[in-house]
Amino acid sequence: MLPHSLDEAVEVLAREPGMLPVAGGTDVMPRMNAGLLRPRGLVGLGGIAELRLWRFEGRQAVVGAGVSWARLAGPDLAALVPALAVAARQVGTPQIRMMGTLGGNLAARAREADAVPVLAALEATVLVSSPGGTREFVCDGAPGAHLMPGELITGVRLPVLHGPQEFLKARTAPGFHATLAFVIDPGARAVRCAVGGIRPGAERVPAAEAWLTERVDIGTGGLTEPDVPSRFGALVAESLSPGEGSRSDRAYEARVVATLARRAVERAFTS
Amino acid sequence: MTDITETSGIPTFPGGPPHTTSDFPLPETPVASYALRVNGTTQVVDRAWIGENLLHVLRERLGLLGAKEGCAQGVCGTCTVLVDGAPAASCLQAAATVGERDVTTVEGLSELGGLPAAIQESLIEHGAVQCGHCIPGVVVSAYALLARIPNPDEPTVRRALAGHPCRCVGPNRMVAAVRAVAEASAAPLEASATSMFRVVRVEDAK
């Protein structure tokens, strides 16, 4: 099933439950190859041109769900949402970046989804369509969980912020990475931070964000004390929800997250 | 291809991956027939399970054995083919959703001669080929790179070939081979510019 318009795709998905939407296939196909997933039918989204576009809406950029990692890493979107571009450049191999899409990453519900901490830190909104119309919700740590049956992610509304943005990624175990997105919102005079990869969903750290906001001058990029980055790192690691691994694993994860958070602040504020 | 047996019109593949049509005798195995544009010709795929990946369709149904199955998870790069000119992991592409996009395999590139042939020869000359399992994918990715950027620098080559881990010789020789092709194709221009006063053949100048 290869619809050529969004309306057609949404209509098919609602009419026939059990149909699986597939864009790049990089999340769905490994399970299909292993025989773990047997959908009743596939709805290929590759032929829907409107999902692969991005456009401005006021001071925001609306990026289609079918935009690939390779396009997100390209110069146009990298200038608007640098943290997402940095994340996109570190995903998989060139082949995977060509195939995998932003919408698929959000729908995957995998804790490895690298776009989720970035969108959570940006406070982006996710646009979804169903035959009943469209709706938007703010991207939290697990955007895929908000999808109702028959709904399709059509895009993401991203604020264009004129401040430093960082994305850092470090390996914690074979096949697992801790990710951290850090953005400064000069308009709201706030910093926002989200950690992904080590809990089932990405997690914001509001207490650490508020603590840091009081100790930085967002206008000039100055810090009140030189040890602010390392103390922020420790705070971020402390504010994560309890992990499930062994004590040594949790200690290591906390250390990696603290280091990522410290580096993000160092890069964003002391240049 | 001698061990293929016909069972009630649907071919079976002993020892094949678990996602062949015949391995799911359940009535709930949805099949579809569709057309694929492969290497410039339209091929018909008849009654294939909808979840079959492009690699499986290319190898087992269309007889194009150039792309190899490695990990079936998109990590190893041995299944790389061009989809609309860009390298893609064919094991992660549902064949039924390819639609009108152009698929080019290493066989299709080899027919072109020229640049793909130069890449293949250069890989051999630089000793980048040992077991050879990764090489069809490397040729496809290197061709896609050189078609887009004729004379890439070394970091660009390394980044373009990052999806092709080679356990025999490692990346350095394949990177050197691709760089050599890029430099060789840039050489004739240089030779003609410097040969104003002394006529040299390009082959002699090298």
# chains A, B, ... in the order shown; residues from 1 in each chain; ligands from 1
>>> residues_around(residues="range 151-155 of chain B", least_positions_apart="5", cutoff="8 Å", atoms="only C-alpha atoms", output="list of chain:residue names")
B:Leu146, B:Val175, B:Arg179, B:Ala182, B:Glu183, B:Ala186
>>> select_by_dssp(residues="range 30-91 of chain B", states="helix (DSSP H, G or I)", output="number ranges by chain")
B: 54-61, 90-91
>>> atom_distance(atom1="CA of Asp140 in chain A", atom2="CA of Asp217 in chain A")
26.7 Å
>>> interface_residues(of="chain B", to="chain A", cutoff="9 Å", atoms="only C-alpha atoms", output="count of residues only")
38
>>> atom_distance(atom1="CA of Leu260 in chain A", atom2="CA of Ala194 in chain A")
11.1 Å
>>> select_by_dssp(residues="range 21-257 of chain A", states="strand (DSSP E or B)", output="JSON, numbers by chain")
{"A": [21, 22, 41, 42, 43, 44, 54, 55, 56, 57, 60, 61, 62, 63, 64, 68, 101, 125, 126, 127, 128, 129, 130, 133, 134, 135, 136, 137, 138, 152, 153, 154, 155, 156, 157, 158, 159, 165, 166, 167, 168, 169, 170, 171, 172, 173, 176, 177, 178, 179, 180, 181, 182, 183, 184, 185, 190, 191, 192, 193, 194, 195, 196, 203, 204, 216, 217, 222, 223]}
>>> residues_around(residues="Glu125 in chain B", least_positions_apart="5", cutoff="12 Å", atoms="only C-alpha atoms", output="PyMOL selection string")
chain B and resi 118-120+130+173-174+176-178+180-181
>>> closest_residue(among="B:Val169, B:Ala35, B:Ala117, B:Ala142", to="Thr156 in chain B", atoms="only C-alpha atoms")
B:Ala142
>>> atom_distance(atom1="CA of Gly141 in chain A", atom2="CA of Arg204 in chain A")
7.4 Å
>>> residues_around(residues="Leu147 in chain A", least_positions_apart="3", cutoff="10 Å", atoms="only C-alpha atoms", output="count of residues only")
10
>>> residues_around(residues="Gly219 in chain A", least_positions_apart="4", cutoff="12 Å", atoms="only C-alpha atoms", output="NGL selection string")
:A and (162-164 or 184-190 or 213 or 223 or 269)
>>> write_last_selection(atoms="N, CA, C and O atoms", output="JSON list (two decimals), in the first residue's frame")
[["chain", "number", "residue", "atom", "x", "y", "z"],
["A", 162, "HIS", "N", 17.73, 31.64, 19.38],
["A", 162, "HIS", "CA", 19.00, 32.27, 19.03],
["A", 162, "HIS", "C", 19.96, 32.17, 20.19],
["A", 162, "HIS", "O", 20.36, 33.17, 20.77],
["A", 163, "GLY", "N", 20.30, 30.97, 20.55],
["A", 163, "GLY", "CA", 21.27, 30.75, 21.63],
["A", 163, "GLY", "C", 22.02, 29.47, 21.36],
["A", 163, "GLY", "O", 21.63, 28.69, 20.49],
["A", 164, "PRO", "N", 23.09, 29.22, 22.13],
["A", 164, "PRO", "CA", 23.83, 27.98, 21.93],
["A", 164, "PRO", "C", 22.95, 26.75, 22.21],
["A", 164, "PRO", "O", 22.07, 26.79, 23.06],
["A", 184, "ILE", "N", 19.60, 26.79, 25.21],
["A", 184, "ILE", "CA", 19.39, 28.05, 25.90],
["A", 184, "ILE", "C", 18.29, 28.79, 25.15],
["A", 184, "ILE", "O", 18.35, 28.90, 23.93],
["A", 185, "ASP", "N", 17.29, 29.24, 25.90],
["A", 185, "ASP", "CA", 16.18, 29.99, 25.30],
["A", 185, "ASP", "C", 16.31, 31.44, 25.76],
["A", 185, "ASP", "O", 15.85, 31.80, 26.84],
["A", 186, "PRO", "N", 16.98, 32.29, 24.95],
["A", 186, "PRO", "CA", 17.24, 33.66, 25.42],
["A", 186, "PRO", "C", 15.95, 34.43, 25.64],
["A", 186, "PRO", "O", 15.88, 35.27, 26.54],
["A", 187, "GLY", "N", 14.92, 34.16, 24.82],
["A", 187, "GLY", "CA", 13.66, 34.88, 24.95],
["A", 187, "GLY", "C", 13.04, 34.64, 26.32],
["A", 187, "GLY", "O", 12.60, 35.57, 27.00],
["A", 188, "ALA", "N", 12.99, 33.38, 26.75],
["A", 188, "ALA", "CA", 12.41, 33.03, 28.04],
["A", 188, "ALA", "C", 13.43, 33.16, 29.16],
["A", 188, "ALA", "O", 13.10, 32.91, 30.32],
["A", 189, "ARG", "N", 14.65, 33.55, 28.86],
["A", 189, "ARG", "CA", 15.77, 33.61, 29.80],
["A", 189, "ARG", "C", 15.83, 32.32, 30.62],
["A", 189, "ARG", "O", 15.79, 32.32, 31.85],
["A", 190, "ALA", "N", 15.92, 31.21, 29.90],
["A", 190, "ALA", "CA", 15.91, 29.90, 30.56],
["A", 190, "ALA", "C", 16.89, 28.97, 29.87],
["A", 190, "ALA", "O", 17.25, 29.17, 28.70],
["A", 213, "THR", "N", 19.85, 28.38, 35.84],
["A", 213, "THR", "CA", 19.36, 29.67, 35.35],
["A", 213, "THR", "C", 19.75, 30.81, 36.29],
["A", 213, "THR", "O", 20.05, 31.92, 35.86],
["A", 223, "LEU", "N", 29.32, 32.90, 33.74],
["A", 223, "LEU", "CA", 28.89, 32.08, 34.88],
["A", 223, "LEU", "C", 29.26, 32.81, 36.16],
["A", 223, "LEU", "O", 30.27, 33.50, 36.23],
["A", 269, "PHE", "N", 28.70, 28.06, 27.63],
["A", 269, "PHE", "CA", 28.88, 29.33, 28.36],
["A", 269, "PHE", "C", 30.30, 29.85, 28.41],
["A", 269, "PHE", "O", 30.51, 31.00, 28.64]]
>>> residues_around(residues="Ala121 in chain A", least_positions_apart="5", cutoff="7 Å", atoms="only C-alpha atoms", output="MDAnalysis selection string")
chainID A and resid 181:183 192:194
>>> write_last_selection(atoms="all heavy atoms", output="PDB file, in the first residue's frame")
ATOM      1  N   ALA A 181      20.744  16.616  25.661  1.00  0.00           N
ATOM      2  CA  ALA A 181      20.499  17.814  24.849  1.00  0.00           C
ATOM      3  C   ALA A 181      20.390  19.001  25.790  1.00  0.00           C
ATOM      4  O   ALA A 181      19.772  18.909  26.854  1.00  0.00           O
ATOM      5  CB  ALA A 181      19.210  17.650  24.046  1.00  0.00           C
ATOM      6  N   PHE A 182      21.025  20.101  25.411  1.00  0.00           N
ATOM      7  CA  PHE A 182      21.071  21.289  26.262  1.00  0.00           C
ATOM      8  C   PHE A 182      20.810  22.500  25.376  1.00  0.00           C
ATOM      9  O   PHE A 182      21.532  22.702  24.394  1.00  0.00           O
ATOM     10  CB  PHE A 182      22.458  21.382  26.910  1.00  0.00           C
ATOM     11  CG  PHE A 182      22.628  22.555  27.822  1.00  0.00           C
ATOM     12  CD1 PHE A 182      22.248  22.467  29.156  1.00  0.00           C
ATOM     13  CD2 PHE A 182      23.174  23.743  27.366  1.00  0.00           C
ATOM     14  CE1 PHE A 182      22.406  23.549  30.009  1.00  0.00           C
ATOM     15  CE2 PHE A 182      23.330  24.826  28.220  1.00  0.00           C
ATOM     16  CZ  PHE A 182      22.953  24.730  29.532  1.00  0.00           C
ATOM     17  N   VAL A 183      19.757  23.256  25.682  1.00  0.00           N
ATOM     18  CA  VAL A 183      19.464  24.432  24.860  1.00  0.00           C
ATOM     19  C   VAL A 183      19.268  25.640  25.759  1.00  0.00           C
ATOM     20  O   VAL A 183      18.840  25.531  26.912  1.00  0.00           O
ATOM     21  CB  VAL A 183      18.208  24.240  23.961  1.00  0.00           C
ATOM     22  CG1 VAL A 183      18.345  23.012  23.086  1.00  0.00           C
ATOM     23  CG2 VAL A 183      16.954  24.180  24.779  1.00  0.00           C
ATOM     24  N   ARG A 192      17.343  24.730  29.193  1.00  0.00           N
ATOM     25  CA  ARG A 192      16.577  23.487  29.279  1.00  0.00           C
ATOM     26  C   ARG A 192      17.479  22.327  28.910  1.00  0.00           C
ATOM     27  O   ARG A 192      18.328  22.442  28.021  1.00  0.00           O
ATOM     28  CB  ARG A 192      15.354  23.550  28.360  1.00  0.00           C
ATOM     29  CG  ARG A 192      14.377  24.638  28.770  1.00  0.00           C
ATOM     30  CD  ARG A 192      13.017  24.433  28.145  1.00  0.00           C
ATOM     31  NE  ARG A 192      13.033  24.628  26.712  1.00  0.00           N
ATOM     32  CZ  ARG A 192      12.770  25.793  26.117  1.00  0.00           C
ATOM     33  NH1 ARG A 192      12.457  26.860  26.835  1.00  0.00           N
ATOM     34  NH2 ARG A 192      12.795  25.892  24.815  1.00  0.00           N
ATOM     35  N   CYS A 193      17.290  21.216  29.600  1.00  0.00           N
ATOM     36  CA  CYS A 193      18.187  20.087  29.446  1.00  0.00           C
ATOM     37  C   CYS A 193      17.369  18.803  29.508  1.00  0.00           C
ATOM     38  O   CYS A 193      16.424  18.694  30.292  1.00  0.00           O
ATOM     39  CB  CYS A 193      19.223  20.131  30.583  1.00  0.00           C
ATOM     40  SG  CYS A 193      20.389  18.785  30.545  1.00  0.00           S
ATOM     41  N   ALA A 194      17.694  17.833  28.644  1.00  0.00           N
ATOM     42  CA  ALA A 194      17.010  16.537  28.686  1.00  0.00           C
ATOM     43  C   ALA A 194      18.041  15.440  28.463  1.00  0.00           C
ATOM     44  O   ALA A 194      18.977  15.597  27.693  1.00  0.00           O
ATOM     45  CB  ALA A 194      15.916  16.464  27.627  1.00  0.00           C
TER      46      ALA A 194
END
